[in-house]
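Engineer: Got a structure for you, input35.txt, holding compact mmCIF, C-alpha atoms.
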```txt
# COMPACT_ATOMS: atom_id res chain seq x y z
CA MET D 701 -132.16 -134.16 108.62
CA THR D 702 -129.66 -132.40 110.91
CA GLY D 703 -127.78 -134.26 113.63
CA LEU D 704 -130.02 -133.00 116.40
CA TRP D 705 -133.28 -133.92 114.67
CA ARG D 706 -131.89 -137.27 113.53
CA GLN D 707 -130.90 -138.11 117.11
CA ALA D 708 -134.25 -136.88 118.44
CA TRP D 709 -136.04 -139.11 115.93
CA GLU D 710 -133.98 -142.11 117.06
CA ILE D 711 -134.84 -141.48 120.71
CA ALA D 712 -138.54 -141.11 119.92
CA ARG D 713 -138.55 -144.21 117.75
CA LYS D 714 -136.84 -146.23 120.47
CA ASP D 715 -139.32 -145.04 123.12
CA LEU D 716 -142.35 -145.74 120.93
CA ARG D 717 -141.07 -149.18 119.98
CA THR D 718 -140.54 -149.95 123.66
CA GLU D 719 -144.11 -148.85 124.46
CA LEU D 720 -145.51 -150.82 121.54
CA ARG D 721 -143.97 -153.98 122.96
CA SER D 722 -144.50 -153.43 126.67
CA GLY D 723 -147.78 -151.48 126.58
CA GLU D 724 -146.82 -150.20 130.02
CA VAL D 725 -148.10 -146.67 129.49
CA LEU D 726 -151.36 -147.00 127.59
CA MET D 727 -152.42 -150.31 129.15
CA ILE D 728 -152.39 -148.63 132.55
CA THR D 729 -153.69 -145.15 131.78
CA VAL D 730 -156.53 -145.89 129.36
CA PRO D 731 -158.57 -148.23 131.61
CA PHE D 732 -158.17 -145.93 134.62
CA GLY D 733 -158.97 -142.87 132.54
CA ALA D 734 -162.09 -144.52 131.13
CA ALA D 735 -163.18 -145.57 134.62
CA ALA D 736 -162.72 -142.02 135.89
CA LEU D 737 -164.88 -140.68 133.05
CA MET D 738 -167.66 -143.10 134.03
CA LEU D 739 -167.74 -142.09 137.68
CA ILE D 740 -169.41 -138.68 137.22
CA PRO D 741 -172.37 -139.89 135.09
CA LEU D 742 -172.90 -142.64 137.65
CA ALA D 743 -172.96 -140.06 140.43
CA ILE D 744 -175.10 -137.47 138.63
CA GLY D 745 -177.54 -139.84 136.97
CA VAL D 746 -179.33 -139.18 133.68
CA ASP D 747 -179.21 -135.39 133.60
CA ALA D 748 -178.28 -134.89 129.93
CA PRO D 749 -177.97 -131.04 129.93
CA LEU D 750 -175.77 -131.10 133.02
CA LEU D 751 -173.58 -133.90 131.67
CA GLU D 752 -173.18 -132.04 128.39
CA ARG D 753 -172.12 -128.92 130.25
CA VAL D 754 -169.51 -130.61 132.47
CA GLY D 755 -168.32 -133.06 129.78
CA PRO D 756 -165.46 -131.02 128.29
CA GLY D 757 -164.09 -130.09 131.72
CA MET D 758 -164.28 -133.69 132.88
CA TYR D 759 -162.56 -134.94 129.74
CA TRP D 760 -159.65 -132.51 130.04
CA SER D 761 -159.31 -133.14 133.79
CA VAL D 762 -158.97 -136.85 133.17
CA VAL D 763 -156.51 -136.24 130.31
CA LEU D 764 -154.41 -134.07 132.60
CA LEU D 765 -154.49 -136.31 135.68
CA PHE D 766 -153.88 -139.57 133.87
CA GLY D 767 -151.67 -137.97 131.23
CA VAL D 768 -149.24 -137.25 134.07
CA LEU D 769 -148.81 -141.01 134.41
CA VAL D 770 -147.77 -141.17 130.76
CA THR D 771 -145.11 -138.53 131.26
CA VAL D 772 -143.93 -140.01 134.56
CA ARG D 773 -143.52 -143.43 132.99
CA GLN D 774 -141.78 -142.00 129.97
CA SER D 775 -139.37 -139.90 132.01
CA ALA D 776 -138.37 -142.96 134.04
CA ALA D 777 -137.85 -145.17 130.98
CA ASP D 778 -134.08 -144.61 130.87
CA GLY D 779 -132.18 -145.83 133.92
CA PRO D 780 -128.79 -144.47 135.03
CA ALA D 781 -126.90 -146.97 132.86
CA GLN D 782 -128.83 -145.91 129.75
CA MET D 783 -128.34 -142.23 130.62
CA ASP D 784 -124.58 -142.78 130.87
CA LEU D 785 -124.60 -144.68 127.60
CA LEU D 786 -126.41 -141.89 125.77
CA SER D 787 -123.98 -139.31 127.15
CA LEU D 788 -120.98 -141.36 126.08
CA LEU D 789 -122.40 -141.83 122.61
CA GLY D 790 -122.32 -138.07 122.24
CA LEU D 791 -126.09 -137.64 122.22
CA ASP D 792 -127.05 -133.98 122.36
CA PRO D 793 -129.17 -133.54 125.54
CA ALA D 794 -131.48 -131.24 123.58
CA ALA D 795 -132.07 -134.08 121.11
CA ARG D 796 -132.90 -136.40 123.96
CA PHE D 797 -135.37 -133.86 125.32
CA ALA D 798 -136.98 -133.35 121.93
CA GLY D 799 -137.19 -137.07 121.24
CA LYS D 800 -138.67 -138.00 124.60
CA ALA D 801 -141.13 -135.09 124.54
CA GLY D 802 -142.17 -136.04 121.00
CA ALA D 803 -142.74 -139.68 121.96
CA SER D 804 -144.69 -138.61 125.06
CA ALA D 805 -146.83 -136.26 122.96
CA LEU D 806 -147.67 -139.05 120.50
CA LEU D 807 -148.61 -141.40 123.35
CA LEU D 808 -150.72 -138.65 124.93
CA MET D 809 -152.49 -138.07 121.63
CA ALA D 810 -153.28 -141.77 121.44
CA PHE D 811 -154.52 -141.59 125.03
CA GLU D 812 -156.70 -138.56 124.23
CA ALA D 813 -158.04 -140.20 121.08
CA MET D 814 -159.01 -143.37 122.96
CA LEU D 815 -160.81 -141.44 125.69
CA ALA D 816 -162.60 -138.98 123.36
CA PRO D 817 -165.27 -141.40 122.05
CA ILE D 818 -165.93 -142.62 125.59
CA ALA D 819 -166.42 -139.04 126.77
CA LEU D 820 -168.59 -138.27 123.76
CA ALA D 821 -170.81 -141.26 124.45
CA LEU D 822 -171.12 -140.54 128.18
CA TYR D 823 -171.42 -136.77 128.23
CA GLY D 824 -172.62 -135.28 124.99
CA SER D 825 -174.99 -136.21 122.23
CA ASP D 826 -174.19 -132.98 120.38
CA PRO D 827 -170.69 -133.33 118.95
CA ARG D 828 -170.32 -129.74 117.72
CA GLY D 829 -167.90 -128.68 120.45
CA TRP D 830 -166.15 -132.00 120.36
CA TRP D 831 -164.98 -131.54 116.76
CA TRP D 832 -163.12 -128.48 117.93
CA VAL D 833 -161.59 -130.55 120.69
CA LEU D 834 -159.84 -132.54 117.97
CA ALA D 835 -157.99 -129.38 116.95
CA VAL D 836 -156.86 -128.82 120.53
CA LEU D 837 -155.70 -132.42 121.12
CA PRO D 838 -152.24 -132.02 119.56
CA LEU D 839 -151.59 -128.72 121.34
CA VAL D 840 -152.44 -130.16 124.76
CA ALA D 841 -150.59 -133.42 124.07
CA LEU D 842 -147.47 -131.55 122.99
CA GLY D 843 -147.66 -129.21 125.99
CA LEU D 844 -148.08 -132.06 128.46
CA GLY D 845 -145.34 -134.05 126.72
CA LEU D 846 -142.91 -131.13 126.91
CA LEU D 847 -143.85 -130.31 130.49
CA GLY D 848 -143.61 -133.93 131.65
CA THR D 849 -140.22 -134.43 130.01
CA LEU D 850 -138.88 -131.21 131.50
CA ALA D 851 -140.27 -132.14 134.92
CA GLY D 852 -138.71 -135.60 134.58
CA ALA D 853 -135.30 -134.05 133.88
CA ILE D 854 -135.64 -131.68 136.85
CA ALA D 855 -136.71 -134.52 139.14
CA ALA D 856 -133.83 -136.72 137.94
CA SER D 857 -131.36 -133.93 138.65
CA VAL D 858 -132.39 -133.99 142.31
CA ALA D 859 -132.85 -137.79 142.34
CA SER D 860 -136.55 -137.72 143.11
CA THR D 861 -138.98 -138.93 140.44
CA THR D 862 -141.87 -138.33 142.85
CA LEU D 863 -141.42 -134.63 142.04
CA VAL D 864 -142.75 -135.10 138.51
CA PRO D 865 -146.49 -134.92 139.28
CA LEU D 866 -145.87 -132.09 141.74
CA ILE D 867 -144.30 -130.05 138.95
CA VAL D 868 -146.58 -131.15 136.11
CA VAL D 869 -150.01 -130.80 137.70
CA PRO D 870 -149.89 -127.13 138.78
CA LEU D 871 -148.07 -125.98 135.64
CA SER D 872 -150.54 -127.76 133.38
CA VAL D 873 -153.55 -126.02 134.91
CA PRO D 874 -153.43 -123.17 132.34
CA MET D 875 -153.47 -125.81 129.59
CA LEU D 876 -156.43 -127.54 131.18
CA LEU D 877 -158.22 -124.22 131.53
CA ALA D 878 -157.51 -123.21 127.92
CA ALA D 879 -158.57 -126.58 126.49
CA ALA D 880 -161.80 -126.57 128.49
CA GLN D 881 -162.53 -122.94 127.55
CA VAL D 882 -162.02 -123.62 123.83
CA THR D 883 -164.55 -126.43 124.01
CA GLU D 884 -167.00 -124.40 126.06
CA GLY D 885 -166.47 -121.34 123.84
CA ILE D 886 -167.48 -123.30 120.78
CA ARG D 887 -170.55 -124.64 122.55
CA VAL D 888 -171.83 -121.21 123.57
CA GLY D 889 -170.45 -119.29 120.57
CA ALA D 890 -167.80 -117.28 122.45
CA THR D 891 -164.40 -116.35 121.00
CA ILE D 892 -161.67 -118.95 121.47
CA PHE D 893 -158.67 -117.29 119.82
CA GLY D 894 -157.11 -116.10 123.08
CA TRP D 895 -157.26 -119.56 124.63
CA LEU D 896 -155.76 -121.18 121.54
CA LEU D 897 -152.98 -118.61 121.61
CA LEU D 898 -152.32 -119.43 125.28
CA LEU D 899 -151.85 -123.11 124.37
CA VAL D 900 -149.47 -122.26 121.52
CA VAL D 901 -147.43 -119.87 123.68
CA MET D 902 -147.18 -122.39 126.52
CA ASP D 903 -145.96 -125.07 124.12
CA LEU D 904 -143.32 -122.72 122.70
CA LEU D 905 -142.13 -121.60 126.14
CA LEU D 906 -141.86 -125.18 127.38
CA ALA D 907 -139.95 -126.23 124.25
CA VAL D 908 -137.45 -123.40 124.66
CA ALA D 909 -137.05 -124.04 128.41
CA GLY D 910 -136.56 -127.75 127.82
CA VAL D 911 -133.94 -127.33 125.11
CA LEU D 912 -131.98 -124.65 126.99
CA SER D 913 -131.97 -126.54 130.29
CA ALA D 914 -131.27 -129.99 128.81
CA ARG D 915 -127.48 -129.92 129.18
CA PRO D 916 -127.31 -128.38 132.71
CA LEU D 917 -130.00 -130.75 133.98
CA GLN D 918 -128.29 -133.76 132.47
CA GLU D 919 -124.96 -132.89 134.06
CA ALA D 920 -126.64 -132.11 137.40
CA THR D 921 -128.15 -135.60 137.37
CA ARG D 922 -124.69 -137.06 138.06
CA MET N 290 -93.21 -136.41 126.87
CA PRO N 291 -96.12 -137.72 124.73
CA GLU N 292 -99.59 -136.84 125.89
CA ALA N 293 -101.00 -139.40 128.33
CA VAL N 294 -104.45 -140.91 127.81
CA ILE N 295 -105.15 -140.38 131.51
CA ASP N 296 -103.41 -137.75 133.61
CA LEU N 297 -104.74 -137.08 137.11
CA ARG N 298 -102.96 -134.67 139.44
CA ALA N 299 -104.15 -134.48 143.06
CA VAL N 300 -107.69 -135.18 141.94
CA GLY N 301 -110.43 -135.59 144.49
CA VAL N 302 -114.17 -136.11 144.34
CA ARG N 303 -116.50 -135.21 147.17
CA LEU N 304 -120.21 -135.91 147.35
CA GLY N 305 -121.43 -133.24 149.74
CA ASP N 306 -118.95 -133.33 152.59
CA THR N 307 -118.01 -136.94 152.01
CA PRO N 308 -114.73 -137.52 150.19
CA ILE N 309 -115.07 -140.40 147.74
CA LEU N 310 -111.72 -140.02 145.99
CA ARG N 311 -108.71 -138.27 147.54
CA ASN N 312 -105.48 -136.86 146.14
CA LEU N 313 -105.22 -139.21 143.17
CA TYR N 314 -102.19 -139.11 140.93
CA LEU N 315 -102.51 -141.42 137.97
CA ARG N 316 -100.89 -141.37 134.56
CA VAL N 317 -101.76 -143.94 131.92
CA GLU N 318 -99.92 -143.80 128.62
CA ALA N 319 -101.18 -144.69 125.17
CA GLY N 320 -101.09 -148.43 124.58
CA GLU N 321 -101.19 -149.19 128.31
CA ALA N 322 -103.67 -151.29 130.26
CA VAL N 323 -104.02 -150.84 134.01
CA GLY N 324 -105.76 -153.07 136.51
CA LEU N 325 -107.74 -151.27 139.20
CA ILE N 326 -108.32 -153.20 142.40
CA GLY N 327 -109.66 -152.44 145.84
CA ALA N 328 -112.24 -153.46 148.38
CA ASN N 329 -115.94 -152.69 148.03
CA GLY N 330 -116.55 -148.99 148.56
CA SER N 331 -112.95 -148.02 147.90
CA GLY N 332 -113.99 -145.74 145.02
CA LYS N 333 -113.25 -147.87 141.95
CA THR N 334 -116.57 -147.22 140.22
CA THR N 335 -116.43 -143.51 141.07
CA LEU N 336 -112.96 -143.34 139.55
CA LEU N 337 -114.21 -144.99 136.36
CA ARG N 338 -117.08 -142.49 136.16
CA LEU N 339 -114.61 -139.66 136.68
CA LEU N 340 -112.43 -141.00 133.87
CA ALA N 341 -115.52 -141.30 131.68
CA THR N 342 -116.13 -137.55 132.30
CA LEU N 343 -119.51 -138.41 133.84
CA LEU N 344 -118.30 -136.88 137.10
CA ALA N 345 -116.23 -133.73 137.45
CA PRO N 346 -113.44 -133.54 140.04
CA THR N 347 -114.06 -131.31 143.02
CA ASP N 348 -110.32 -131.00 143.75
CA GLY N 349 -107.14 -131.10 141.69
CA GLU N 350 -106.63 -131.15 137.96
CA GLY N 351 -106.84 -133.90 135.44
CA GLY N 352 -107.58 -134.82 131.89
CA VAL N 353 -108.42 -137.73 129.63
CA LEU N 354 -107.49 -137.96 125.97
CA GLY N 355 -105.98 -134.50 126.19
CA VAL N 356 -109.10 -132.76 127.49
CA SER N 357 -109.45 -131.33 130.99
CA LEU N 358 -112.04 -133.03 133.18
CA ARG N 359 -113.27 -129.60 134.19
CA ALA N 360 -113.49 -128.10 130.70
CA ALA N 361 -116.78 -127.61 128.91
CA GLY N 362 -115.15 -129.41 125.99
CA ARG N 363 -115.10 -132.66 127.95
CA PHE N 364 -118.49 -133.44 126.41
CA ALA N 365 -116.86 -133.69 123.00
CA VAL N 366 -114.43 -136.37 124.13
CA ARG N 367 -117.14 -138.70 125.45
CA PRO N 368 -117.72 -140.60 122.20
CA ARG N 369 -114.05 -141.69 122.38
CA ILE N 370 -114.65 -143.36 125.75
CA GLY N 371 -116.21 -146.80 126.21
CA LEU N 372 -117.61 -147.69 129.63
CA ILE N 373 -118.99 -151.06 130.61
CA GLY N 374 -120.47 -150.69 134.07
CA HIS N 375 -122.11 -152.99 136.61
CA THR N 376 -125.57 -152.69 135.11
CA PRO N 377 -126.08 -153.49 131.43
CA ALA N 378 -127.03 -150.41 129.43
CA LEU N 379 -129.26 -152.40 127.10
CA TYR N 380 -132.91 -151.54 126.48
CA PRO N 381 -134.79 -154.62 127.69
CA GLN N 382 -137.65 -154.43 125.16
CA LEU N 383 -135.32 -154.13 122.17
CA THR N 384 -133.57 -157.08 120.59
CA LEU N 385 -129.80 -157.29 120.78
CA GLU N 386 -129.60 -156.26 117.14
CA GLU N 387 -131.95 -153.31 117.67
CA ASN N 388 -129.94 -152.21 120.70
CA LEU N 389 -126.74 -152.13 118.69
CA ALA N 390 -128.40 -150.56 115.65
CA PHE N 391 -129.74 -147.81 117.94
CA VAL N 392 -126.24 -147.20 119.30
CA ALA N 393 -124.83 -147.14 115.76
CA ARG N 394 -127.37 -144.59 114.55
CA ILE N 395 -126.91 -142.30 117.56
CA ALA N 396 -123.13 -142.49 117.22
CA GLY N 397 -123.23 -142.06 113.45
CA ILE N 398 -121.71 -145.49 112.75
CA PRO N 399 -122.87 -147.46 109.67
CA SER N 400 -125.47 -149.99 110.84
CA ALA N 401 -124.01 -152.58 108.48
CA ALA N 402 -121.33 -153.29 111.09
CA VAL N 403 -123.87 -154.50 113.66
CA GLY N 404 -124.25 -158.06 112.36
CA GLU N 405 -120.53 -158.59 112.10
CA VAL N 406 -119.95 -157.35 115.65
CA LEU N 407 -122.68 -159.61 117.05
CA ASP N 408 -121.10 -162.58 115.31
CA ARG N 409 -117.73 -161.64 116.75
CA VAL N 410 -118.96 -161.76 120.35
CA GLY N 411 -120.89 -164.99 119.78
CA LEU N 412 -124.38 -163.50 119.71
CA GLY N 413 -125.07 -163.94 116.00
CA LEU N 414 -127.77 -166.55 116.57
CA ALA N 415 -129.41 -164.54 119.37
CA ARG N 416 -129.57 -161.24 117.48
CA HIS N 417 -133.38 -161.25 117.39
CA ARG N 418 -133.76 -162.03 121.08
CA ARG N 419 -134.92 -159.21 123.32
CA ALA N 420 -132.33 -158.08 125.86
CA ALA N 421 -134.80 -158.83 128.68
CA ALA N 422 -134.81 -162.48 127.63
CA CYS N 423 -131.02 -162.77 127.64
CA SER N 424 -128.95 -164.18 130.48
CA HIS N 425 -126.56 -161.90 132.36
CA GLY N 426 -123.65 -163.37 130.43
CA MET N 427 -125.35 -162.69 127.10
CA GLN N 428 -126.15 -159.14 128.14
CA ARG N 429 -122.52 -158.71 129.07
CA ARG N 430 -121.54 -159.96 125.62
CA GLY N 431 -123.99 -157.44 124.19
CA GLU N 432 -122.09 -154.73 126.04
CA PHE N 433 -118.83 -156.02 124.60
CA ALA N 434 -120.41 -155.88 121.16
CA ARG N 435 -121.32 -152.24 121.72
CA VAL N 436 -117.76 -151.33 122.67
CA THR N 437 -116.43 -153.27 119.70
CA LEU N 438 -118.78 -151.25 117.50
CA THR N 439 -117.91 -147.82 118.89
CA ARG N 440 -114.10 -148.46 118.97
CA PRO N 441 -113.22 -146.20 121.92
CA ASP N 442 -109.74 -144.83 122.58
CA LEU N 443 -110.21 -145.23 126.32
CA LEU N 444 -111.85 -148.42 127.54
CA LEU N 445 -113.19 -148.61 131.10
CA LEU N 446 -114.33 -152.02 132.29
CA ASP N 447 -116.01 -152.38 135.67
CA GLU N 448 -115.97 -155.88 137.14
CA ALA N 449 -114.65 -157.15 133.85
CA HIS N 450 -115.16 -160.86 134.46
CA ALA N 451 -118.31 -160.81 136.57
CA GLY N 452 -120.69 -163.58 135.51
CA LEU N 453 -118.67 -164.60 132.47
CA ASP N 454 -117.78 -168.10 131.37
CA ALA N 455 -114.25 -168.86 130.15
CA GLN N 456 -115.14 -168.25 126.51
CA ALA N 457 -116.70 -164.87 127.22
CA ALA N 458 -113.75 -163.98 129.42
CA ASP N 459 -111.56 -164.25 126.33
CA LEU N 460 -113.57 -161.35 124.93
CA VAL N 461 -112.26 -159.13 127.71
CA ALA N 462 -108.72 -159.87 126.56
CA TYR N 463 -109.74 -159.25 122.96
CA LEU N 464 -111.26 -155.86 123.81
CA VAL N 465 -108.28 -154.73 125.85
CA ARG N 466 -105.78 -155.76 123.20
CA GLU N 467 -107.82 -154.17 120.46
CA VAL N 468 -107.89 -150.79 122.19
CA GLN N 469 -104.17 -151.07 122.99
CA GLY N 470 -103.49 -151.89 119.36
CA ARG N 471 -105.23 -148.68 118.32
CA GLY N 472 -102.95 -146.67 120.59
CA GLY N 473 -105.60 -146.22 123.26
CA ALA N 474 -105.63 -147.32 126.88
CA ALA N 475 -107.74 -149.48 129.16
CA VAL N 476 -108.57 -149.46 132.84
CA VAL N 477 -109.91 -152.78 134.04
CA VAL N 478 -111.56 -153.20 137.43
CA SER N 479 -111.74 -156.65 138.91
CA HIS N 480 -112.13 -158.39 142.23
CA GLU N 481 -110.12 -161.23 140.73
CA PRO N 482 -106.69 -159.71 140.01
CA GLY N 483 -105.40 -163.09 138.90
CA ARG N 484 -107.77 -163.13 135.94
CA ILE N 485 -106.73 -159.75 134.62
CA ALA N 486 -103.03 -160.02 135.47
CA PRO N 487 -102.12 -161.34 131.98
CA LEU N 488 -103.91 -158.36 130.40
CA VAL N 489 -102.54 -155.43 132.34
CA GLY N 490 -99.08 -153.99 132.69
CA ARG N 491 -99.57 -152.89 136.28
CA PHE N 492 -102.08 -152.67 139.09
CA VAL N 493 -103.33 -149.65 140.97
CA GLU N 494 -105.00 -150.29 144.30
CA LEU N 495 -107.53 -147.97 145.84
CA GLN N 496 -107.93 -147.85 149.60
CA ALA N 497 -110.67 -145.62 151.00
CA GLY N 498 -110.60 -143.38 147.93
CA ALA N 499 -106.83 -142.98 147.75
CA ILE N 500 -104.20 -144.85 145.81
CA ALA N 501 -102.40 -147.24 148.09
CA GLU N 502 -98.64 -146.88 148.30
CA PRO N 503 -96.80 -149.47 146.20
CA GLY N 504 -95.96 -152.46 148.28
CA THR N 505 -98.73 -152.02 150.82
CA ALA N 506 -100.81 -154.69 149.14
CA ALA N 507 -100.04 -157.35 146.61
CA PRO N 508 -102.60 -158.28 143.94
```
Show me this structure written as structure tokens.
Structural biologist:
Amino acid sequence: MTGLWRQAWEIARKDLRTELRSGEVLMITVPFGAAALMLIPLAIGVDAPLLERVGPGMYWSVVLLFGVLVTVRQSAADGPAQMDLLSLLGLDPAARFAGKAGASALLLMAFEAMLAPIALALYGSDPRGWWWVLAVLPLVALGLGLLGTLAGAIAASVASTTLVPLIVVPLSVPMLLAAAQVTEGIRVGATIFGWLLLLVVMDLLLAVAGVLSARPLQEATR
Amino acid sequence: MPEAVIDLRAVGVRLGDTPILRNLYLRVEAGEAVGLIGANGSGKTTLLRLLATLLAPTDGEGGVLGVSLRAAGRFAVRPRIGLIGHTPALYPQLTLEENLAFVARIAGIPSAAVGEVLDRVGLGLARHRRAAACSHGMQRRGEFARVTLTRPDLLLLDEAHAGLDAQAADLVAYLVREVQGRGGAAVVVSHEPGRIAPLVGRFVELQAGAIAEPGTAAP
């Protein structure tokens, strides 16, 4: 393992261990996400065809809106003292970005996986489209993780963590659209390749932007 | 003249239009320890962050460990600098041992040294305690353990004795002498000059971001 990937792994491992012990991220987002998924069926009533049609969009909307909380929490996990420490230890800022984005993506995948059965039970009795959702989960989780980590670094550089949702939500709309269209495409038999490609390209662009901007953003934070 | 560990020439730091440090000249030689004193808001912590290369000067020229504070290469010198600031840089959910092992792995230091270092600062029995459950004094000892582990050539201690009992205060002396023994240098900030007087060769006083003229204030 090269120095950068070894350091990234250490950052991710530290963040995941912290979450495992504190439960701050998943203990907050999962109950609220589940509650949000329940609101629409309560409002619509027992209209199975309608629920099945809006299910994928509802699921991805909840993943996006509450997934932002995961990335916000993760980006605020290191205080100024820890940031200084990591700099003085010679940590490559790109490794920090990769590690934090990786940990966020894993937490988001766990979040998605916990909400998926709830959405399946509430919205759709036919799981055909939902199996394809499983293939999209890692792509969306990685994209949101990368975007949230990048937004966290930008917000820290201007000393305003409240900026994170303002950056993440609009930029994640294409991901939400693509994920929902893949699911819908499977349901109605339409082609999904273009939407999958959009998710892959967005993930790659965010990864490159995050790695290239890691050092300037870190130094601007001071 | 041998290369100084710290060499500041007319250095200033401004945040926006506000000058925080002004026209600083400071030279600290290898093997030297300097006490930094001054009232609250005089710029002591900013100066330590400048010396740690975490801030770049906005005026003047300067270098630490032979590297310019303005150069892109200043990043490379950071692992040779140890900073203990006001706030502990420990991860609260990790145990003291995990905190140090994390530092060791990031810095590329063999993790086998962690246990020995914890014993040395008197935290051997508390190694499995989470940092969040440690007192301020224990967290401070944890910071000392980290600096002992990373063996910096330039040691920067902010409020060195804050919240420490007499036994822990001896660790400050140990750290300073250890770095001096390696041919490095230390800058020790304290509001209690009397406590650091035996450790340092001289005092530098900051007044409103500038170094006070010798004789204008006695420690």
Engineer: Go through N:Ala341, N:Leu446, N:Ile373, N:Leu495 and flag the residue nearest N:Ala475, using all atoms listed in the file for the distances.
Structural biologist: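 So, comparing all the options, the nearest one is N:Leu446.
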Engineer: Give as a PyMOL selection string the set of residues within 8 Å of the point (-105.1, -144.1, 127.2), where distances use the file's coordinates and only C-alpha atoms.
Structural biologist: chain N and resi 293-295+317-322+353-354+442-443+472-475
Engineer: With only C-alpha atoms as the basis for distance, which of D:Val762, D:Met738, D:Leu791, D:Leu704 is at the shortest distance from N:Val392?
Structural biologist: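 For N:Val392, the nearest of the candidates is D:Leu791.
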Engineer: Would you kindly return, as a list in words, each protein, DNA or RNA residue with an atom no farther than 8 Å from any atom of stretch 416-432 of chain N, considering only C-alpha atoms and excluding same-chain residues fewer than 5 positions away?
Structural biologist: Ile373, Pro377, Ala378, Leu379, Tyr380, Pro381, Gln382, Leu383, Thr384, Leu385, Glu386, Leu407, Val410, Gly411, Gly452, Leu453, Asp454 and Ala457 of chain N
Engineer: Let's have the selection written as a PDB file, in the coordinates of the input, with C-alpha atoms.
Structural biologist:
```pdb
ATOM      1  CA  ILE N 373    -118.990-151.060 130.610  1.00  0.00           C
ATOM      2  CA  PRO N 377    -126.080-153.490 131.430  1.00  0.00           C
ATOM      3  CA  ALA N 378    -127.030-150.410 129.430  1.00  0.00           C
ATOM      4  CA  LEU N 379    -129.260-152.400 127.100  1.00  0.00           C
ATOM      5  CA  TYR N 380    -132.910-151.540 126.480  1.00  0.00           C
ATOM      6  CA  PRO N 381    -134.790-154.620 127.690  1.00  0.00           C
ATOM      7  CA  GLN N 382    -137.650-154.430 125.160  1.00  0.00           C
ATOM      8  CA  LEU N 383    -135.320-154.130 122.170  1.00  0.00           C
ATOM      9  CA  THR N 384    -133.570-157.080 120.590  1.00  0.00           C
ATOM     10  CA  LEU N 385    -129.800-157.290 120.780  1.00  0.00           C
ATOM     11  CA  GLU N 386    -129.600-156.260 117.140  1.00  0.00           C
ATOM     12  CA  LEU N 407    -122.680-159.610 117.050  1.00  0.00           C
ATOM     13  CA  VAL N 410    -118.960-161.760 120.350  1.00  0.00           C
ATOM     14  CA  GLY N 411    -120.890-164.990 119.780  1.00  0.00           C
ATOM     15  CA  GLY N 452    -120.690-163.580 135.510  1.00  0.00           C
ATOM     16  CA  LEU N 453    -118.670-164.600 132.470  1.00  0.00           C
ATOM     17  CA  ASP N 454    -117.780-168.100 131.370  1.00  0.00           C
ATOM     18  CA  ALA N 457    -116.700-164.870 127.220  1.00  0.00           C
TER      19      ALA N 457
END
```
Engineer: Residues of chain N within 10 Å of chain D, using all atoms listed in the file, as a ChimeraX atom specification?
Structural biologist: /N:338,341-345,364-383,387-388,391-397,439
Engineer: Compare D:Val836, D:Leu842, D:Ala859, D:Met758 by their minimum atom-to-atom distance to D:Ala801, counting all atoms listed in the file, and give me the closest one.
Structural biologist: D:Leu842
Engineer: Measuring atom to atom with all atoms listed in the file, identify which of N:Leu438, N:Ile326, N:Leu304, N:Leu339 is nearest to N:Ala486.
Structural biologist: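 Ranked by minimum distance to N:Ala486, first place goes to N:Ile326.
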Engineer: Could you give me, as a ChimeraX atom specification, the residues that sit within 12 Å of (-160.3, -132.6, 133.0) in the file's coordinates, counting all atoms listed in the file?
Structural biologist: /D:733,736-737,740,754-767,812,815-816,819,840,869,872-881,883
Engineer: Just checking: using all atoms listed in the file, which residue out of N:Leu297, N:Val406, N:Leu336, N:Leu325 ends up closest to N:Gly352?
Structural biologist: N:Leu297
Engineer: List the spatial neighbours of N:Val323 as a VMD selection string - criterion: any atom at most 8 Å away, all atoms listed in the file, same-chain residues fewer than 5 positions off excluded.
Structural biologist: chain N and resid 317 475 to 477 489 to 493
Engineer: So what do you get for atom CA of N:Ala402 versus atom CA of D:Ala798, distance-wise?
Structural biologist: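 Here the two named atoms are 27.6 Å from each other.
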Engineer: Could you check which of D:Pro817, D:Pro870, D:Gly852, D:Gly845 is closest to D:Gly799, using all atoms listed in the file?
Structural biologist: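 Among the listed residues, the smallest separation from D:Gly799 belongs to D:Gly845.
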Engineer: Find the spatial neighbours of stretch 906-911 of chain D, counting all atoms listed in the file, within a cut-off of 9 Å - ignore same-chain residues fewer than 3 positions away - and output them as JSON, numbers by chain.
Structural biologist: {"D": [793, 794, 795, 797, 798, 801, 843, 846, 847, 849, 850, 853, 901, 902, 903, 914, 915]}
Engineer: Which residues, written as an MDAnalysis selection string, have at least one atom at most 10 Å from N:Leu464, with all atoms listed in the file counted and residues fewer than 2 positions away on the same chain left out?
Structural biologist: chainID N and resid 433:434 436:437 440 444 446 459:462 466:470 475
Engineer: Would you mind exporting the chosen residues as a compact mmCIF listing (two decimals), keeping the file's coordinate frame, restricted to C-alpha atoms?
Structural biologist:
```
# COMPACT_ATOMS: atom_id res chain seq x y z
CA PHE N 433 -118.83 -156.02 124.60
CA ALA N 434 -120.41 -155.88 121.16
CA VAL N 436 -117.76 -151.33 122.67
CA THR N 437 -116.43 -153.27 119.70
CA ARG N 440 -114.10 -148.46 118.97
CA LEU N 444 -111.85 -148.42 127.54
CA LEU N 446 -114.33 -152.02 132.29
CA ASP N 459 -111.56 -164.25 126.33
CA LEU N 460 -113.57 -161.35 124.93
CA VAL N 461 -112.26 -159.13 127.71
CA ALA N 462 -108.72 -159.87 126.56
CA ARG N 466 -105.78 -155.76 123.20
CA GLU N 467 -107.82 -154.17 120.46
CA VAL N 468 -107.89 -150.79 122.19
CA GLN N 469 -104.17 -151.07 122.99
CA GLY N 470 -103.49 -151.89 119.36
CA ALA N 475 -107.74 -149.48 129.16
```
